[in-house]
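Notes follow the structure.
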Protein chains: 4
Amino acid sequence: MSVIEELTEIFRRFPGVGPRQAERFVYYLLRQRKDYLHKMASLIPELENKTKICDLCQKFYISETDQTGVCKICSSKNRDQELLMIIARDADLHSVEKSGTFNGNYFILGGTVPVLDKEPAKRIRLGKLKKVVEKRRESGLKEIIIALSANPEGENTADILKKELQNMASNEIKITLLGRGLSTGTELEYSDSETIKNALLNRF
Amino acid sequence: MSVIEELTEIFRRFPGVGPRQAERFVYYLLRQRKDYLHKMASLIPELENKTKICDLCQKFYISETDQTGVCKICSSKNRDQELLMIIARDADLHSVEKSGTFNGNYFILGGTVPVLDKEPAKRIRLGKLKKVVEKRRESGLKEIIIALSANPEGENTADILKKELQNMASNEIKITLLGRGLSTGTELEYSDSETIKNALLNRF
Amino acid sequence: MSVIEELTEIFRRFPGVGPRQAERFVYYLLRQRKDYLHKMASLIPELENKTKICDLCQKFYISETDQTGVCKICSSKNRDQELLMIIARDADLHSVEKSGTFNGNYFILGGTVPVLDKEPAKRIRLGKLKKVVEKRRESGLKEIIIALSANPEGENTADILKKELQNMASNEIKITLLGRGLSTGTELEYSDSETIKNALLNRF
Amino acid sequence: MSVIEELTEIFRRFPGVGPRQAERFVYYLLRQRKDYLHKMASLIPELENKTKICDLCQKFYISETDQTGVCKICSSKNRDQELLMIIARDADLHSVEKSGTFNGNYFILGGTVPVLDKEPAKRIRLGKLKKVVEKRRESGLKEIIIALSANPEGENTADILKKELQNMASNEIKITLLGRGLSTGTELEYSDSETIKNALLNRF
């Protein structure tokens, strides 16, 4: 296999990229200058050298000279230590931070559990989650917000988390779910019964 | 213009129908049997003869021998007279009824008001609404639920309604809006800040 | 069933119309004036009264006072009697006429034959076609152009037609197919091998 | 900017990639193993080290130990030296080769010229093309096939090429265009007049 074919193969496995687009990526790179290619090539291994997974929230963060093993959000004293939001992936964290409406801490599950899946522990970081909750309980954790997508896989995962955390949480820690209702752009005519029910229950 | 062209013109003005599809409709009808065409032709004027607009909720209903001027829902004694839901169109009513979670009465606005529109009274049934609210207040109305789509036009219309109804409503009648949050199928990663904010506020 | 439900059912069976759009059609009609509905209702039976299927080309045409049983194109003396184009449906005729590049006569098959279908005679007007070819042979027919879509179903139908017409056509009448190559808008990069092959063969 | 942000920026400029997908690419890479990242990083500069632009057809090819400056196709003695196909981009070459119906040589223009563009020589390799045609004329070139997309930009570019090559080509060398007609999948009903005209002209 030539370098063109090898790189096409690599790009094909990128999320959402088909064979034709993978090839286009390679031709795009072929047309770039030498120093651009070297710049890009030097950045890729840095993803491994300069990032770590945070011991607490499990997200990738730029570690550089950091020796603590903990990301900026988790080590910040300005975040509300009483709140912990469980989210599926790193990308969800950006959406929530961008909304500017949450100032607690996060835990990234690493995925969700499909309905009927037998081994949730292989899909999500259940063990890590328990340890982090244990640790955060000592620093005043009062509420765990399960913030997963409003679809069957998200709901199944929420059910698993509630069951797993119930014992730990006991009376001191409340477990909550994100509110349901009309999301921005939703038209009443095309809403399903579940959404209408929740929009009515949460009317204000 | 031939009958084929005239009917094509008529179907072109149907909602969501382009010139090609309009033509296909006519060819579809050309292939149908004589009695089918006569059946269809006889039903169309019945839309005018056998339906009325309900004096109360303003929706089209099958009137047949009805002399009351009021539809089945509005004349039912089993509906909760304390609740009135304002919706934009007849089609919204079907979605809410299908959800089986609302047992009050309806009022159909007949549309919504675009942002910056100067004459809302030409877009929606403001005068009729006030009269119906007045009448329903006497039969115990306690809450008006403004149930419009979660988009700028829906929100603009809700603002107008709140202002118009405020005086009338006074203290006895509460005005509410549908709850906001994640609707079924919403993924956290692709949610806008407004939706995340509301989902957090309405967490349960 | 009410008139609203009955008409919704009728529109649901229109080509390319779903249940929601069918309902929208009925609400659209409900909002129209009485005379509009009567106009539309009166046009529909006219599809049956004022149109006929042409004895020769088999297309629907406005017959009015016509007693010949033959449409304007087929009865015109200005059309080239040496050419007969076989097309699948009435709508194809409009496309070809609009192109202004064909001045012969047409025959409308009434459909195409799916690959492996056992009874082509139930799908297309094979019997009628033979009779029309016989008749047109006497008025100087020299070429039959099979003008079907460039897909498996069109090609299968073309194969059937060639076999059926071969005996009849004998030496006097040529049977041809539409040329293949790049159609307007085709990009070379996304072309299949068959199209590239034909575009090369037909280069000019 | 962190390495995550820098790489996201780089991927954003890849063809057809939006900001969200660029971010997904980076998270995808973050989850890969160290040796995978090093493999990928080492391949990228090789695009520059191990490839060359062929002196004749102008396509990128794997040069490795090659000292000739000419790609495999151009140096092959089994290709028909009488035919030269002008195509817009490297990706077009793959489509034509895959069709297995062309055994001549290629010249890659490097793009096409938008209608009304004043400086075609900045968009396409006009100078290089003339030199290559001159050289190939000596080895027996008899036909130049302009194989561009069937859209206004392709047709405009073809017009420019015909004008530029006319003098050179004189009587010995024929200039041809790809044939037009129905391409695979084209439906007659949705065909434009140009396509129908060509399909009729090229009927067989």
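Each chain of the structure tokens is named A, B, ... in the order shown, its residues numbered from 1; ligands are numbered from 1 in display order.
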Test item, alpha helix (DSSP H) assignment across chain C, answer as a ChimeraX atom specification: /C:3-12,19-30,34-49,72-75,90-99,120-123,126-138,152-169,193-201
Dump as JSON, numbers by chain the residues of chain D that approach chain B to within 12 Å, counting only C-alpha atoms. {"D": [20, 23, 24, 189, 190]}
Exercise: Ala158 in chain A partners within 9 Å, only C-alpha atoms, chain neighbours under 2 positions left out, as an MDAnalysis selection string: chainID A and resid 112 146:148 153:156 160:163 177
Find the residues near range 45-59 of chain A: any atom within 6 Å, counting only C-alpha atoms, skip ones fewer than 5 places away on the same chain, and give them as a ChimeraX atom specification. /A:64,69-71,106-108 /D:37-38
Keeping only N, CA, C and O atoms, write those residues as a PDB file, in the first residue's frame.
ATOM      1  N   GLU A  64       0.303  19.498  29.945  1.00  0.00           N
ATOM      2  CA  GLU A  64       1.568  20.252  29.906  1.00  0.00           C
ATOM      3  C   GLU A  64       2.419  19.916  31.137  1.00  0.00           C
ATOM      4  O   GLU A  64       2.818  18.772  31.313  1.00  0.00           O
ATOM      5  N   GLY A  69      -2.816  15.586  37.955  1.00  0.00           N
ATOM      6  CA  GLY A  69      -3.720  14.584  37.391  1.00  0.00           C
ATOM      7  C   GLY A  69      -5.164  15.032  37.378  1.00  0.00           C
ATOM      8  O   GLY A  69      -6.064  14.234  37.099  1.00  0.00           O
ATOM      9  N   VAL A  70      -5.378  16.294  37.678  1.00  0.00           N
ATOM     10  CA  VAL A  70      -6.748  16.794  37.764  1.00  0.00           C
ATOM     11  C   VAL A  70      -6.899  18.020  36.854  1.00  0.00           C
ATOM     12  O   VAL A  70      -6.022  18.887  36.828  1.00  0.00           O
ATOM     13  N   CYS A  71      -8.009  18.099  36.105  1.00  0.00           N
ATOM     14  CA  CYS A  71      -8.200  19.195  35.145  1.00  0.00           C
ATOM     15  C   CYS A  71      -8.548  20.507  35.849  1.00  0.00           C
ATOM     16  O   CYS A  71      -8.778  20.535  37.052  1.00  0.00           O
ATOM     17  N   TYR A 106     -18.266  17.892  36.871  1.00  0.00           N
ATOM     18  CA  TYR A 106     -18.738  16.917  35.891  1.00  0.00           C
ATOM     19  C   TYR A 106     -18.152  15.537  36.157  1.00  0.00           C
ATOM     20  O   TYR A 106     -17.103  15.405  36.783  1.00  0.00           O
ATOM     21  N   PHE A 107     -18.818  14.533  35.622  1.00  0.00           N
ATOM     22  CA  PHE A 107     -18.203  13.215  35.470  1.00  0.00           C
ATOM     23  C   PHE A 107     -18.592  12.689  34.096  1.00  0.00           C
ATOM     24  O   PHE A 107     -19.778  12.654  33.753  1.00  0.00           O
ATOM     25  N   ILE A 108     -17.563  12.280  33.328  1.00  0.00           N
ATOM     26  CA  ILE A 108     -17.826  11.801  31.970  1.00  0.00           C
ATOM     27  C   ILE A 108     -17.869  10.282  31.947  1.00  0.00           C
ATOM     28  O   ILE A 108     -16.868   9.612  32.202  1.00  0.00           O
TER      29      ILE A 108
ATOM     30  N   LEU D  37      -1.200   6.784  16.661  1.00  0.00           N
ATOM     31  CA  LEU D  37      -0.946   8.211  16.442  1.00  0.00           C
ATOM     32  C   LEU D  37       0.424   8.417  15.796  1.00  0.00           C
ATOM     33  O   LEU D  37       0.582   9.233  14.886  1.00  0.00           O
ATOM     34  N   HIS D  38       1.422   7.646  16.261  1.00  0.00           N
ATOM     35  CA  HIS D  38       2.763   7.802  15.691  1.00  0.00           C
ATOM     36  C   HIS D  38       2.789   7.345  14.230  1.00  0.00           C
ATOM     37  O   HIS D  38       3.427   7.960  13.389  1.00  0.00           O
TER      38      HIS D  38
END
Which neighbours of range 165-169 of chain B fall inside 9 Å, counting only C-alpha atoms, when residues of the same chain fewer than 6 positions from it are skipped, and could you give them as an MDAnalysis selection string? chainID B and resid 130 133:134 137 142:144 175
Would you output that residue set with C-alpha atoms, as a PDB file, in the first residue's frame?
ATOM      1  CA  LYS B 130     -61.259  37.777  24.962  1.00  0.00           C
ATOM      2  CA  VAL B 133     -62.222  33.994  28.234  1.00  0.00           C
ATOM      3  CA  GLU B 134     -64.914  36.318  29.599  1.00  0.00           C
ATOM      4  CA  ARG B 137     -64.476  32.989  33.572  1.00  0.00           C
ATOM      5  CA  LYS B 142     -58.723  29.330  36.712  1.00  0.00           C
ATOM      6  CA  GLU B 143     -55.801  28.841  34.328  1.00  0.00           C
ATOM      7  CA  ILE B 144     -54.986  29.744  30.733  1.00  0.00           C
ATOM      8  CA  ILE B 175     -51.536  32.428  32.820  1.00  0.00           C
TER       9      ILE B 175
END
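CA of His94 in chain C sits 12.6 Å away from CA of Tyr61 in chain C.
With only C-alpha atoms taken into account, the protein and nucleic acid residues at most 12 Å from Thr186 in chain D (excluding it and anything under 5 positions from it in its own chain) are Ala147, Leu148, Ser149, Ala150, Asn151, Pro152, Glu153, Gly154, Glu155, Leu178, Gly179, Arg180, Gly181, Leu182, Ser183, Thr184, Gly185, Thr186, Ser191 and Thr195 of chain C; Gly181, Ser191, Asp192, Thr195, Ile196 and Ala199 of chain D.
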DSSP strand (DSSP E or B) residues within range 60-175 of chain C, listed as a PyMOL selection string: chain C and resi 60-62+83-87+105-108+143-146+174-175
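Between CA of Gly111 in chain C and CA of Leu201 in chain C the separation is 29.5 Å.
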When you look at Tyr27 in chain A with a cut-off of 10 Å (counting only C-alpha atoms), what residues show up, excluding the ones that are within fewer than 3 positions of it in the same chain? I need them as an NGL selection string. (:A and (4 or 8 or 21-24 or 30-32)) or (:D and (15 or 47 or 60 or 89-91))
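The closest residue to Lys174 in chain A, picked from A:Val113, A:Leu93, A:Leu83, A:Ala88 and counting only C-alpha atoms, is A:Leu83.
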